[in-house]
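Everything on this sheet refers to the single structure shown next.
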Protein chains: 2
Amino acid sequence: MSRERIAAEAVALLDEEQVGGLTMRRLADRLDAGLATLYWHVATKDEVVDLALDEIFGEVRLPAAGVHDWQDGVRILATEWRATMLRHPWSAALLGRPLLGPNVLARTEYLHSTLLHAGLREPHLSAATHAVANYVIGSALTQSTWRLTDASVRRAAQQHLHAQRDVYPTLADHGHLDDKGSEDTRFDNGLTYVINGIEAIRAGREPAAGGDAPPERGRRRAPRGTR
Amino acid sequence: MSRERIAAEAVALLDEEQVGGLTMRRLADRLDAGLATLYWHVATKDEVVDLALDEIFGEVRLPAAGVHDWQDGVRILATEWRATMLRHPWSAALLGRPLLGPNVLARTEYLHSTLLHAGLREPHLSAATHAVANYVIGSALTQSTWRLTDASVRRAAQQHLHAQRDVYPTLADHGHLDDKGSEDTRFDNGLTYVINGIEAIRAGREPAAGGDAPPERGRRRAPRGTR
DNA sequence: TCGGCGTCTCGAACGTCGTTCTAGTCTCGA
DNA sequence: TCGAGACTAGAACGACGTTCGAGACGCCGA
């Protein structure tokens, strides 16, 4: 038994039975091993979850280097990232832990360096990096959750919304919970807003509201009176 | 004992001890009641979680109606929303369930109607609504998670990153995990990208990439040949 | 060849959790 | 007075995460 096998089998178990199905006992059974054996290779269940999460982030293919402009690069990465999370919908519910595995870091590295080479500088460099990542995470979380909710609850919610159309007029009238349009298209459009918003700053078309930028590395704050 | 007290006490318990501290037994103790009593008022623990989540979303103050332009309205709502989630960091980890409480719906209603009155139409109306919401959720999730991680783990992660600066050159050089700048500012900047991106579409300054818009309600597709 | 020491395996158990069962108390209208 | 609901609660069940101690396996120096 190896950590790789544990990670792979944990992913398979999660794919089949979602978060509630991941049990140390069940995982040990799948590995044809005793429960204590599993605990010899892994300290806690949280560690298994971290392994499973980083495992699936390894599925996110990085765009080829130097082929795309920054917008396409970001768009490809975000799309791949989201697709991976939707392929493993349990991942969204488990994000309440720091993601520090090598695969996750590699994807963040790509995103950050792409935006850096696009010409972004602090404070917008890290703001843009987080903006894209957070948009992807939030979208995947919302959508996975909705997808994992049984159809009966979904239908009940929709009826509840329409029954209270005086309280929620806009939501009811526009069928907020209905499956209107493709969810993929909605994600793409939202991603476009984010990318266009970043591009406007990058190209200097918008006032760089900025905020308190951290002092540049290796550079000192200008002495009083030089400005 | 009432559902209101249960919700309030559950929030208090979660605030003090995070997700792991919420136990039906502990909650019953805080309510000066037996365990079975609690189960008479509430069917499952999930129900308690739903109550607690909707309870804190009631803290999100809606912007005054008709005072702000749509950008300020969205910005105020998003800022309040995020502040509430950061005030109760456990909320981020519990979002893997459908949010259908009245308080959550009321906030979504405000967001949706604000964007509608700004002039947005499908497919951009729902795309923009989800974009703002998902950005807020993703940001709050990322930040709460990082905040709940003990300082020792955070330090270890930073050192790990710098030790492998050949693997993650950009992240290490820019101190990706360091607390650079204010997190509030970073959130504000990211929100600006999203809002500006939406505004560009709304004002027609960007090609409305669109995608497959659902047919308008009550309107039929134009018959063949009329275009 | 032997003995010993890491590596790996595992059955059994502990404590805690969510949940249920059953029996009990209280209040109030008929 | 009495009976039916509203409400309380002790005790238990099964499943979970985790730990303990004992054993099996292979390799290496003596």
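Chain labels follow the order of the structure tokens: the first chain is A, the next B, and so on; residue numbering restarts at 1 in every chain, and ligands are counted from 1 in their shown order.
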Which chain B residues have any atom within 10 Å of an atom of chain D, and for each, what is the nearest pair of atoms with distance in Å to one decimal, counting only C-alpha atoms (C1' of nucleotides), rows sorted by chain and number, as CSV?
```
residue,atom,partner,partner_atom,distance
B:Met1,CA,D:DC7,C1',9.5
B:Ala33,CA,D:DT8,C1',8.0
B:Gly34,CA,D:DA9,C1',5.8
B:Leu35,CA,D:DA9,C1',7.6
B:Ala36,CA,D:DA9,C1',6.3
B:Thr37,CA,D:DT8,C1',5.8
B:Leu38,CA,D:DT8,C1',9.4
B:Trp40,CA,D:DC7,C1',8.1
B:His41,CA,D:DC7,C1',9.4
```
Residues of the last selection are to be written out with N, CA and C atoms, as an mmCIF file, in the first residue's frame.
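Written output follows (result_22.cif):
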```
data_model
loop_
_atom_site.group_PDB
_atom_site.id
_atom_site.type_symbol
_atom_site.label_atom_id
_atom_site.label_comp_id
_atom_site.auth_asym_id
_atom_site.auth_seq_id
_atom_site.Cartn_x
_atom_site.Cartn_y
_atom_site.Cartn_z
ATOM 1 N N MET B 1 -38.377 26.796 24.924
ATOM 2 C CA MET B 1 -37.365 26.761 23.864
ATOM 3 C C MET B 1 -38.008 27.015 22.503
ATOM 4 N N ALA B 33 -31.210 22.194 28.255
ATOM 5 C CA ALA B 33 -32.248 21.230 27.892
ATOM 6 C C ALA B 33 -31.595 19.880 27.653
ATOM 7 N N GLY B 34 -32.386 18.861 27.612
ATOM 8 C CA GLY B 34 -31.869 17.552 27.299
ATOM 9 C C GLY B 34 -31.674 17.408 25.803
ATOM 10 N N LEU B 35 -30.928 16.384 25.463
ATOM 11 C CA LEU B 35 -30.633 16.174 24.051
ATOM 12 C C LEU B 35 -31.908 15.872 23.271
ATOM 13 N N ALA B 36 -32.749 15.030 23.834
ATOM 14 C CA ALA B 36 -33.972 14.641 23.123
ATOM 15 C C ALA B 36 -34.917 15.830 22.957
ATOM 16 N N THR B 37 -34.853 16.743 23.902
ATOM 17 C CA THR B 37 -35.677 17.950 23.783
ATOM 18 C C THR B 37 -35.304 18.735 22.531
ATOM 19 N N LEU B 38 -34.008 18.897 22.355
ATOM 20 C CA LEU B 38 -33.547 19.605 21.163
ATOM 21 C C LEU B 38 -34.076 18.923 19.912
ATOM 22 N N TRP B 40 -36.718 17.429 19.573
ATOM 23 C CA TRP B 40 -38.152 17.580 19.369
ATOM 24 C C TRP B 40 -38.426 18.826 18.521
ATOM 25 N N HIS B 41 -37.553 19.819 18.663
ATOM 26 C CA HIS B 41 -37.749 21.078 17.930
ATOM 27 C C HIS B 41 -37.082 21.068 16.567
#
```
Closest atom pairs, residues of chain A within 6 Å of chain B, only C-alpha atoms, as a Markdown table:
```
| residue | atom | partner | partner_atom | distance |
| --- | --- | --- | --- | --- |
| A:Ala93 | CA | B:Gly96 | CA | 4.6 |
| A:Gly96 | CA | B:Ala93 | CA | 4.6 |
| A:Arg97 | CA | B:Thr145 | CA | 5.7 |
| A:Glu109 | CA | B:Leu171 | CA | 5.7 |
| A:Ser113 | CA | B:Thr170 | CA | 5.7 |
| A:Ala127 | CA | B:Arg186 | CA | 4.9 |
| A:Ala131 | CA | B:Gly190 | CA | 5.1 |
| A:Asn134 | CA | B:Gly138 | CA | 4.3 |
| A:Tyr135 | CA | B:Tyr135 | CA | 4.5 |
| A:Ile137 | CA | B:Gly138 | CA | 5.3 |
| A:Gly138 | CA | B:Gly138 | CA | 4.1 |
| A:Ser139 | CA | B:Asn134 | CA | 5.2 |
| A:Thr145 | CA | B:Gly96 | CA | 5.6 |
| A:Tyr168 | CA | B:Glu109 | CA | 5.9 |
| A:Thr170 | CA | B:Ser113 | CA | 5.7 |
| A:Leu171 | CA | B:Glu109 | CA | 5.7 |
| A:Gly181 | CA | B:Pro214 | CA | 5.3 |
| A:Thr185 | CA | B:Gly211 | CA | 6.0 |
| A:Arg186 | CA | B:Ala127 | CA | 4.9 |
| A:Gly190 | CA | B:Ala131 | CA | 5.1 |
| A:Tyr193 | CA | B:Gly197 | CA | 3.9 |
| A:Val194 | CA | B:Val194 | CA | 4.8 |
| A:Asn196 | CA | B:Gly197 | CA | 5.2 |
| A:Gly197 | CA | B:Tyr193 | CA | 3.9 |
| A:Ile198 | CA | B:Tyr193 | CA | 5.5 |
| A:Gly211 | CA | B:Thr185 | CA | 6.0 |
| A:Ala213 | CA | B:Gly181 | CA | 5.9 |
| A:Pro214 | CA | B:Gly181 | CA | 5.2 |
```
I'd like the neighbourhood of Lys45 of chain A as a PyMOL selection string, where a residue qualifies if any of its atoms comes within 9 Å (using only C-alpha atoms (C1' of nucleotides)), though same-chain residues fewer than 5 positions away should be ignored. (chain A and resi 23-24+39+50) or (chain D and resi 17)
Output as a PyMOL selection string the set of chain C residues within 9 Å of chain B, with distances taken over only C-alpha atoms (C1' of nucleotides). chain C and resi 17-19
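Taking atom CA of Glu17 of chain A and atom CA of Glu47 of chain B as endpoints, the distance between them is 21.5 Å.
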Write out as a short mmCIF file (atom, residue, chain, number, x, y, z; two decimals) with N, CA and C atoms, in the first residue's frame which residues come within 10 Å of Asp72 of chain B when counting only C-alpha atoms (C1' of nucleotides), dropping same-chain ones fewer than 5 positions away.
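Wrote it out as part_34.cif, contents follow:
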```cif
data_model
loop_
_atom_site.label_atom_id
_atom_site.label_comp_id
_atom_site.auth_asym_id
_atom_site.auth_seq_id
_atom_site.Cartn_x
_atom_site.Cartn_y
_atom_site.Cartn_z
N PRO B 63 -28.52 47.81 1.33
CA PRO B 63 -28.38 49.24 1.07
C PRO B 63 -29.76 49.88 0.97
N VAL B 67 -31.17 55.06 -3.36
CA VAL B 67 -30.22 56.11 -2.98
C VAL B 67 -28.93 56.00 -3.81
N LEU B 77 -23.51 45.99 -0.81
CA LEU B 77 -24.02 44.66 -0.45
C LEU B 77 -22.88 43.65 -0.35
N ALA B 78 -22.01 43.65 -1.35
CA ALA B 78 -20.92 42.68 -1.36
C ALA B 78 -20.01 42.87 -0.16
N ILE B 195 -17.14 44.55 -11.13
CA ILE B 195 -18.13 45.60 -11.41
C ILE B 195 -17.80 46.32 -12.72
#
```
Tell me, as a VMD selection string, which residues lie within 7 Å of segment 3-8 of chain B, counting only C-alpha atoms (C1' of nucleotides); anything in the same chain fewer than 4 positions away does not count. chain B and resid 12 41 48 51 to 52 55
Those in segment 73-169 of chain A with alpha helix (DSSP H) from DSSP, as a PDB file with N, CA and C atoms, in the first residue's frame:
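So the final result, stored in part_21.pdb, reads:
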```
ATOM      1  N   GLY A  73      -4.770  32.522 -21.595  1.00  0.00           N
ATOM      2  CA  GLY A  73      -4.153  31.640 -20.611  1.00  0.00           C
ATOM      3  C   GLY A  73      -4.992  31.545 -19.348  1.00  0.00           C
ATOM      4  N   VAL A  74      -5.404  32.694 -18.844  1.00  0.00           N
ATOM      5  CA  VAL A  74      -6.228  32.710 -17.642  1.00  0.00           C
ATOM      6  C   VAL A  74      -7.547  31.994 -17.889  1.00  0.00           C
ATOM      7  N   ARG A  75      -8.122  32.255 -19.067  1.00  0.00           N
ATOM      8  CA  ARG A  75      -9.419  31.657 -19.372  1.00  0.00           C
ATOM      9  C   ARG A  75      -9.325  30.140 -19.455  1.00  0.00           C
ATOM     10  N   ILE A  76      -8.288  29.648 -20.080  1.00  0.00           N
ATOM     11  CA  ILE A  76      -8.125  28.194 -20.193  1.00  0.00           C
ATOM     12  C   ILE A  76      -7.934  27.573 -18.810  1.00  0.00           C
ATOM     13  N   LEU A  77      -7.070  28.184 -18.017  1.00  0.00           N
ATOM     14  CA  LEU A  77      -6.824  27.634 -16.680  1.00  0.00           C
ATOM     15  C   LEU A  77      -8.101  27.621 -15.854  1.00  0.00           C
ATOM     16  N   ALA A  78      -8.822  28.730 -15.873  1.00  0.00           N
ATOM     17  CA  ALA A  78     -10.038  28.818 -15.068  1.00  0.00           C
ATOM     18  C   ALA A  78     -11.068  27.783 -15.517  1.00  0.00           C
ATOM     19  N   THR A  79     -11.196  27.622 -16.823  1.00  0.00           N
ATOM     20  CA  THR A  79     -12.165  26.669 -17.348  1.00  0.00           C
ATOM     21  C   THR A  79     -11.805  25.240 -16.961  1.00  0.00           C
ATOM     22  N   GLU A  80     -10.526  24.908 -17.093  1.00  0.00           N
ATOM     23  CA  GLU A  80     -10.065  23.575 -16.703  1.00  0.00           C
ATOM     24  C   GLU A  80     -10.296  23.340 -15.212  1.00  0.00           C
ATOM     25  N   TRP A  81      -9.973  24.324 -14.445  1.00  0.00           N
ATOM     26  CA  TRP A  81     -10.075  24.252 -12.989  1.00  0.00           C
ATOM     27  C   TRP A  81     -11.518  23.976 -12.584  1.00  0.00           C
ATOM     28  N   ARG A  82     -12.406  24.766 -13.147  1.00  0.00           N
ATOM     29  CA  ARG A  82     -13.819  24.583 -12.831  1.00  0.00           C
ATOM     30  C   ARG A  82     -14.308  23.204 -13.276  1.00  0.00           C
ATOM     31  N   ALA A  83     -13.924  22.805 -14.484  1.00  0.00           N
ATOM     32  CA  ALA A  83     -14.380  21.510 -14.999  1.00  0.00           C
ATOM     33  C   ALA A  83     -13.935  20.387 -14.073  1.00  0.00           C
ATOM     34  N   THR A  84     -12.722  20.486 -13.574  1.00  0.00           N
ATOM     35  CA  THR A  84     -12.226  19.455 -12.666  1.00  0.00           C
ATOM     36  C   THR A  84     -13.051  19.406 -11.389  1.00  0.00           C
ATOM     37  N   MET A  85     -13.349  20.554 -10.851  1.00  0.00           N
ATOM     38  CA  MET A  85     -14.116  20.568  -9.606  1.00  0.00           C
ATOM     39  C   MET A  85     -15.535  20.052  -9.831  1.00  0.00           C
ATOM     40  N   LEU A  86     -16.100  20.334 -10.994  1.00  0.00           N
ATOM     41  CA  LEU A  86     -17.448  19.844 -11.254  1.00  0.00           C
ATOM     42  C   LEU A  86     -17.437  18.337 -11.515  1.00  0.00           C
ATOM     43  N   ARG A  87     -16.301  17.838 -12.000  1.00  0.00           N
ATOM     44  CA  ARG A  87     -16.178  16.399 -12.220  1.00  0.00           C
ATOM     45  C   ARG A  87     -16.104  15.668 -10.882  1.00  0.00           C
ATOM     46  N   TRP A  90     -17.704  16.781  -4.811  1.00  0.00           N
ATOM     47  CA  TRP A  90     -17.424  16.768  -3.376  1.00  0.00           C
ATOM     48  C   TRP A  90     -16.315  17.741  -3.027  1.00  0.00           C
ATOM     49  N   SER A  91     -15.485  18.074  -4.013  1.00  0.00           N
ATOM     50  CA  SER A  91     -14.324  18.914  -3.710  1.00  0.00           C
ATOM     51  C   SER A  91     -14.745  20.274  -3.171  1.00  0.00           C
ATOM     52  N   ALA A  92     -15.854  20.793  -3.660  1.00  0.00           N
ATOM     53  CA  ALA A  92     -16.274  22.126  -3.240  1.00  0.00           C
ATOM     54  C   ALA A  92     -16.556  22.174  -1.744  1.00  0.00           C
ATOM     55  N   ALA A  93     -17.186  21.131  -1.242  1.00  0.00           N
ATOM     56  CA  ALA A  93     -17.569  21.129   0.171  1.00  0.00           C
ATOM     57  C   ALA A  93     -16.364  20.936   1.075  1.00  0.00           C
ATOM     58  N   PRO A 102       1.190  20.296  -3.760  1.00  0.00           N
ATOM     59  CA  PRO A 102       2.029  20.726  -4.885  1.00  0.00           C
ATOM     60  C   PRO A 102       1.223  21.034  -6.142  1.00  0.00           C
ATOM     61  N   ASN A 103       0.176  20.261  -6.402  1.00  0.00           N
ATOM     62  CA  ASN A 103      -0.599  20.498  -7.613  1.00  0.00           C
ATOM     63  C   ASN A 103      -1.353  21.813  -7.551  1.00  0.00           C
ATOM     64  N   VAL A 104      -1.924  22.107  -6.390  1.00  0.00           N
ATOM     65  CA  VAL A 104      -2.628  23.378  -6.243  1.00  0.00           C
ATOM     66  C   VAL A 104      -1.655  24.529  -6.405  1.00  0.00           C
ATOM     67  N   LEU A 105      -0.521  24.424  -5.766  1.00  0.00           N
ATOM     68  CA  LEU A 105       0.459  25.508  -5.840  1.00  0.00           C
ATOM     69  C   LEU A 105       0.949  25.725  -7.272  1.00  0.00           C
ATOM     70  N   ALA A 106       1.099  24.630  -8.014  1.00  0.00           N
ATOM     71  CA  ALA A 106       1.569  24.775  -9.392  1.00  0.00           C
ATOM     72  C   ALA A 106       0.580  25.584 -10.216  1.00  0.00           C
ATOM     73  N   ARG A 107      -0.733  25.357  -9.965  1.00  0.00           N
ATOM     74  CA  ARG A 107      -1.740  26.113 -10.725  1.00  0.00           C
ATOM     75  C   ARG A 107      -1.749  27.582 -10.320  1.00  0.00           C
ATOM     76  N   THR A 108      -1.564  27.838  -9.054  1.00  0.00           N
ATOM     77  CA  THR A 108      -1.506  29.224  -8.603  1.00  0.00           C
ATOM     78  C   THR A 108      -0.265  29.915  -9.167  1.00  0.00           C
ATOM     79  N   GLU A 109       0.816  29.169  -9.207  1.00  0.00           N
ATOM     80  CA  GLU A 109       2.051  29.722  -9.778  1.00  0.00           C
ATOM     81  C   GLU A 109       1.824  30.141 -11.232  1.00  0.00           C
ATOM     82  N   TYR A 110       1.176  29.295 -11.995  1.00  0.00           N
ATOM     83  CA  TYR A 110       0.909  29.646 -13.386  1.00  0.00           C
ATOM     84  C   TYR A 110       0.074  30.917 -13.482  1.00  0.00           C
ATOM     85  N   LEU A 111      -0.988  30.965 -12.686  1.00  0.00           N
ATOM     86  CA  LEU A 111      -1.878  32.116 -12.726  1.00  0.00           C
ATOM     87  C   LEU A 111      -1.133  33.392 -12.364  1.00  0.00           C
ATOM     88  N   HIS A 112      -0.387  33.319 -11.286  1.00  0.00           N
ATOM     89  CA  HIS A 112       0.327  34.501 -10.810  1.00  0.00           C
ATOM     90  C   HIS A 112       1.363  34.968 -11.840  1.00  0.00           C
ATOM     91  N   SER A 113       2.116  34.026 -12.378  1.00  0.00           N
ATOM     92  CA  SER A 113       3.177  34.428 -13.301  1.00  0.00           C
ATOM     93  C   SER A 113       2.590  34.947 -14.610  1.00  0.00           C
ATOM     94  N   THR A 114       1.463  34.370 -15.022  1.00  0.00           N
ATOM     95  CA  THR A 114       0.825  34.863 -16.242  1.00  0.00           C
ATOM     96  C   THR A 114       0.412  36.323 -16.089  1.00  0.00           C
ATOM     97  N   LEU A 115      -0.180  36.628 -14.948  1.00  0.00           N
ATOM     98  CA  LEU A 115      -0.613  38.005 -14.722  1.00  0.00           C
ATOM     99  C   LEU A 115       0.584  38.931 -14.547  1.00  0.00           C
ATOM    100  N   LEU A 116       1.641  38.395 -13.975  1.00  0.00           N
ATOM    101  CA  LEU A 116       2.856  39.214 -13.827  1.00  0.00           C
ATOM    102  C   LEU A 116       3.430  39.573 -15.187  1.00  0.00           C
ATOM    103  N   HIS A 117       3.524  38.569 -16.063  1.00  0.00           N
ATOM    104  CA  HIS A 117       4.079  38.825 -17.391  1.00  0.00           C
ATOM    105  C   HIS A 117       3.153  39.681 -18.237  1.00  0.00           C
ATOM    106  N   HIS A 124      -2.309  45.378  -7.716  1.00  0.00           N
ATOM    107  CA  HIS A 124      -3.275  44.709  -8.579  1.00  0.00           C
ATOM    108  C   HIS A 124      -2.871  43.289  -8.933  1.00  0.00           C
ATOM    109  N   LEU A 125      -1.583  43.008  -8.859  1.00  0.00           N
ATOM    110  CA  LEU A 125      -1.142  41.661  -9.207  1.00  0.00           C
ATOM    111  C   LEU A 125      -1.787  40.619  -8.291  1.00  0.00           C
ATOM    112  N   SER A 126      -1.651  40.798  -7.013  1.00  0.00           N
ATOM    113  CA  SER A 126      -2.232  39.790  -6.110  1.00  0.00           C
ATOM    114  C   SER A 126      -3.749  39.906  -6.074  1.00  0.00           C
ATOM    115  N   ALA A 127      -4.262  41.104  -6.225  1.00  0.00           N
ATOM    116  CA  ALA A 127      -5.721  41.253  -6.238  1.00  0.00           C
ATOM    117  C   ALA A 127      -6.318  40.505  -7.423  1.00  0.00           C
ATOM    118  N   ALA A 128      -5.696  40.619  -8.581  1.00  0.00           N
ATOM    119  CA  ALA A 128      -6.212  39.949  -9.773  1.00  0.00           C
ATOM    120  C   ALA A 128      -6.074  38.433  -9.642  1.00  0.00           C
ATOM    121  N   THR A 129      -4.935  37.989  -9.109  1.00  0.00           N
ATOM    122  CA  THR A 129      -4.746  36.549  -8.911  1.00  0.00           C
ATOM    123  C   THR A 129      -5.857  35.984  -8.029  1.00  0.00           C
ATOM    124  N   HIS A 130      -6.089  36.648  -6.911  1.00  0.00           N
ATOM    125  CA  HIS A 130      -7.126  36.170  -6.012  1.00  0.00           C
ATOM    126  C   HIS A 130      -8.506  36.310  -6.635  1.00  0.00           C
ATOM    127  N   ALA A 131      -8.716  37.352  -7.400  1.00  0.00           N
ATOM    128  CA  ALA A 131     -10.038  37.561  -7.987  1.00  0.00           C
ATOM    129  C   ALA A 131     -10.404  36.390  -8.890  1.00  0.00           C
ATOM    130  N   VAL A 132      -9.491  36.005  -9.755  1.00  0.00           N
ATOM    131  CA  VAL A 132      -9.774  34.894 -10.661  1.00  0.00           C
ATOM    132  C   VAL A 132      -9.984  33.608  -9.863  1.00  0.00           C
ATOM    133  N   ALA A 133      -9.062  33.331  -8.951  1.00  0.00           N
ATOM    134  CA  ALA A 133      -9.168  32.094  -8.178  1.00  0.00           C
ATOM    135  C   ALA A 133     -10.458  32.063  -7.371  1.00  0.00           C
ATOM    136  N   ASN A 134     -10.780  33.172  -6.736  1.00  0.00           N
ATOM    137  CA  ASN A 134     -11.972  33.188  -5.901  1.00  0.00           C
ATOM    138  C   ASN A 134     -13.245  33.084  -6.729  1.00  0.00           C
ATOM    139  N   TYR A 135     -13.224  33.673  -7.911  1.00  0.00           N
ATOM    140  CA  TYR A 135     -14.398  33.534  -8.774  1.00  0.00           C
ATOM    141  C   TYR A 135     -14.592  32.069  -9.179  1.00  0.00           C
ATOM    142  N   VAL A 136     -13.508  31.419  -9.538  1.00  0.00           N
ATOM    143  CA  VAL A 136     -13.614  30.014  -9.936  1.00  0.00           C
ATOM    144  C   VAL A 136     -14.109  29.164  -8.763  1.00  0.00           C
ATOM    145  N   ILE A 137     -13.514  29.380  -7.599  1.00  0.00           N
ATOM    146  CA  ILE A 137     -13.894  28.593  -6.425  1.00  0.00           C
ATOM    147  C   ILE A 137     -15.363  28.819  -6.078  1.00  0.00           C
ATOM    148  N   GLY A 138     -15.758  30.088  -6.041  1.00  0.00           N
ATOM    149  CA  GLY A 138     -17.145  30.382  -5.703  1.00  0.00           C
ATOM    150  C   GLY A 138     -18.110  29.785  -6.705  1.00  0.00           C
ATOM    151  N   SER A 139     -17.787  29.885  -7.973  1.00  0.00           N
ATOM    152  CA  SER A 139     -18.668  29.330  -8.996  1.00  0.00           C
ATOM    153  C   SER A 139     -18.785  27.821  -8.851  1.00  0.00           C
ATOM    154  N   ALA A 140     -17.648  27.177  -8.688  1.00  0.00           N
ATOM    155  CA  ALA A 140     -17.675  25.717  -8.569  1.00  0.00           C
ATOM    156  C   ALA A 140     -18.436  25.301  -7.323  1.00  0.00           C
ATOM    157  N   LEU A 141     -18.247  26.025  -6.241  1.00  0.00           N
ATOM    158  CA  LEU A 141     -18.946  25.690  -5.006  1.00  0.00           C
ATOM    159  C   LEU A 141     -20.455  25.820  -5.187  1.00  0.00           C
ATOM    160  N   THR A 142     -20.879  26.948  -5.705  1.00  0.00           N
ATOM    161  CA  THR A 142     -22.313  27.169  -5.906  1.00  0.00           C
ATOM    162  C   THR A 142     -22.912  26.092  -6.800  1.00  0.00           C
ATOM    163  N   GLN A 143     -22.227  25.829  -7.871  1.00  0.00           N
ATOM    164  CA  GLN A 143     -22.808  24.917  -8.846  1.00  0.00           C
ATOM    165  C   GLN A 143     -22.780  23.462  -8.385  1.00  0.00           C
ATOM    166  N   SER A 144     -21.686  23.061  -7.768  1.00  0.00           N
ATOM    167  CA  SER A 144     -21.629  21.691  -7.252  1.00  0.00           C
ATOM    168  C   SER A 144     -22.713  21.476  -6.213  1.00  0.00           C
ATOM    169  N   THR A 145     -22.868  22.450  -5.344  1.00  0.00           N
ATOM    170  CA  THR A 145     -23.877  22.331  -4.293  1.00  0.00           C
ATOM    171  C   THR A 145     -25.254  22.129  -4.902  1.00  0.00           C
ATOM    172  N   TRP A 146     -25.570  22.972  -5.852  1.00  0.00           N
ATOM    173  CA  TRP A 146     -26.877  22.891  -6.470  1.00  0.00           C
ATOM    174  C   TRP A 146     -27.067  21.560  -7.179  1.00  0.00           C
ATOM    175  N   ARG A 147     -25.987  21.083  -7.779  1.00  0.00           N
ATOM    176  CA  ARG A 147     -26.069  19.835  -8.520  1.00  0.00           C
ATOM    177  C   ARG A 147     -26.240  18.639  -7.588  1.00  0.00           C
ATOM    178  N   LEU A 148     -25.661  18.726  -6.407  1.00  0.00           N
ATOM    179  CA  LEU A 148     -25.747  17.614  -5.463  1.00  0.00           C
ATOM    180  C   LEU A 148     -27.054  17.615  -4.678  1.00  0.00           C
ATOM    181  N   ALA A 151     -33.340  16.479  -6.627  1.00  0.00           N
ATOM    182  CA  ALA A 151     -34.295  17.192  -7.470  1.00  0.00           C
ATOM    183  C   ALA A 151     -35.535  17.597  -6.697  1.00  0.00           C
ATOM    184  N   SER A 152     -35.908  16.794  -5.706  1.00  0.00           N
ATOM    185  CA  SER A 152     -37.122  17.129  -4.963  1.00  0.00           C
ATOM    186  C   SER A 152     -36.939  18.437  -4.193  1.00  0.00           C
ATOM    187  N   VAL A 153     -35.809  18.593  -3.558  1.00  0.00           N
ATOM    188  CA  VAL A 153     -35.532  19.838  -2.834  1.00  0.00           C
ATOM    189  C   VAL A 153     -35.474  21.007  -3.812  1.00  0.00           C
ATOM    190  N   ARG A 154     -34.850  20.785  -4.958  1.00  0.00           N
ATOM    191  CA  ARG A 154     -34.759  21.861  -5.947  1.00  0.00           C
ATOM    192  C   ARG A 154     -36.138  22.296  -6.389  1.00  0.00           C
ATOM    193  N   ARG A 155     -36.988  21.309  -6.680  1.00  0.00           N
ATOM    194  CA  ARG A 155     -38.344  21.649  -7.120  1.00  0.00           C
ATOM    195  C   ARG A 155     -39.101  22.389  -6.026  1.00  0.00           C
ATOM    196  N   ALA A 156     -38.959  21.909  -4.798  1.00  0.00           N
ATOM    197  CA  ALA A 156     -39.650  22.563  -3.675  1.00  0.00           C
ATOM    198  C   ALA A 156     -39.192  24.012  -3.547  1.00  0.00           C
ATOM    199  N   ALA A 157     -37.896  24.233  -3.703  1.00  0.00           N
ATOM    200  CA  ALA A 157     -37.381  25.594  -3.582  1.00  0.00           C
ATOM    201  C   ALA A 157     -37.947  26.497  -4.673  1.00  0.00           C
ATOM    202  N   GLN A 158     -38.009  25.978  -5.876  1.00  0.00           N
ATOM    203  CA  GLN A 158     -38.553  26.769  -6.975  1.00  0.00           C
ATOM    204  C   GLN A 158     -40.017  27.112  -6.732  1.00  0.00           C
ATOM    205  N   GLN A 159     -40.769  26.127  -6.259  1.00  0.00           N
ATOM    206  CA  GLN A 159     -42.185  26.397  -5.983  1.00  0.00           C
ATOM    207  C   GLN A 159     -42.330  27.410  -4.856  1.00  0.00           C
ATOM    208  N   HIS A 160     -41.503  27.264  -3.828  1.00  0.00           N
ATOM    209  CA  HIS A 160     -41.530  28.208  -2.718  1.00  0.00           C
ATOM    210  C   HIS A 160     -41.289  29.631  -3.215  1.00  0.00           C
ATOM    211  N   LEU A 161     -40.338  29.750  -4.130  1.00  0.00           N
ATOM    212  CA  LEU A 161     -39.998  31.066  -4.671  1.00  0.00           C
ATOM    213  C   LEU A 161     -41.177  31.658  -5.432  1.00  0.00           C
ATOM    214  N   HIS A 162     -41.813  30.835  -6.236  1.00  0.00           N
ATOM    215  CA  HIS A 162     -42.936  31.351  -7.023  1.00  0.00           C
ATOM    216  C   HIS A 162     -44.150  31.612  -6.144  1.00  0.00           C
ATOM    217  N   ALA A 163     -44.291  30.838  -5.075  1.00  0.00           N
ATOM    218  CA  ALA A 163     -45.425  31.063  -4.185  1.00  0.00           C
ATOM    219  C   ALA A 163     -45.272  32.396  -3.451  1.00  0.00           C
ATOM    220  N   PRO A 169     -39.977  39.366  -5.842  1.00  0.00           N
ATOM    221  CA  PRO A 169     -40.561  39.562  -7.178  1.00  0.00           C
ATOM    222  C   PRO A 169     -39.566  39.313  -8.306  1.00  0.00           C
TER     223      PRO A 169
END
```
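Between atom CA of Arg26 of chain A and atom C1' of DT7 of chain C lies a distance of 24.0 Å.
Here atom CA of Ala10 of chain B is placed at a distance of 27.6 Å from atom C1' of DT22 of chain C.
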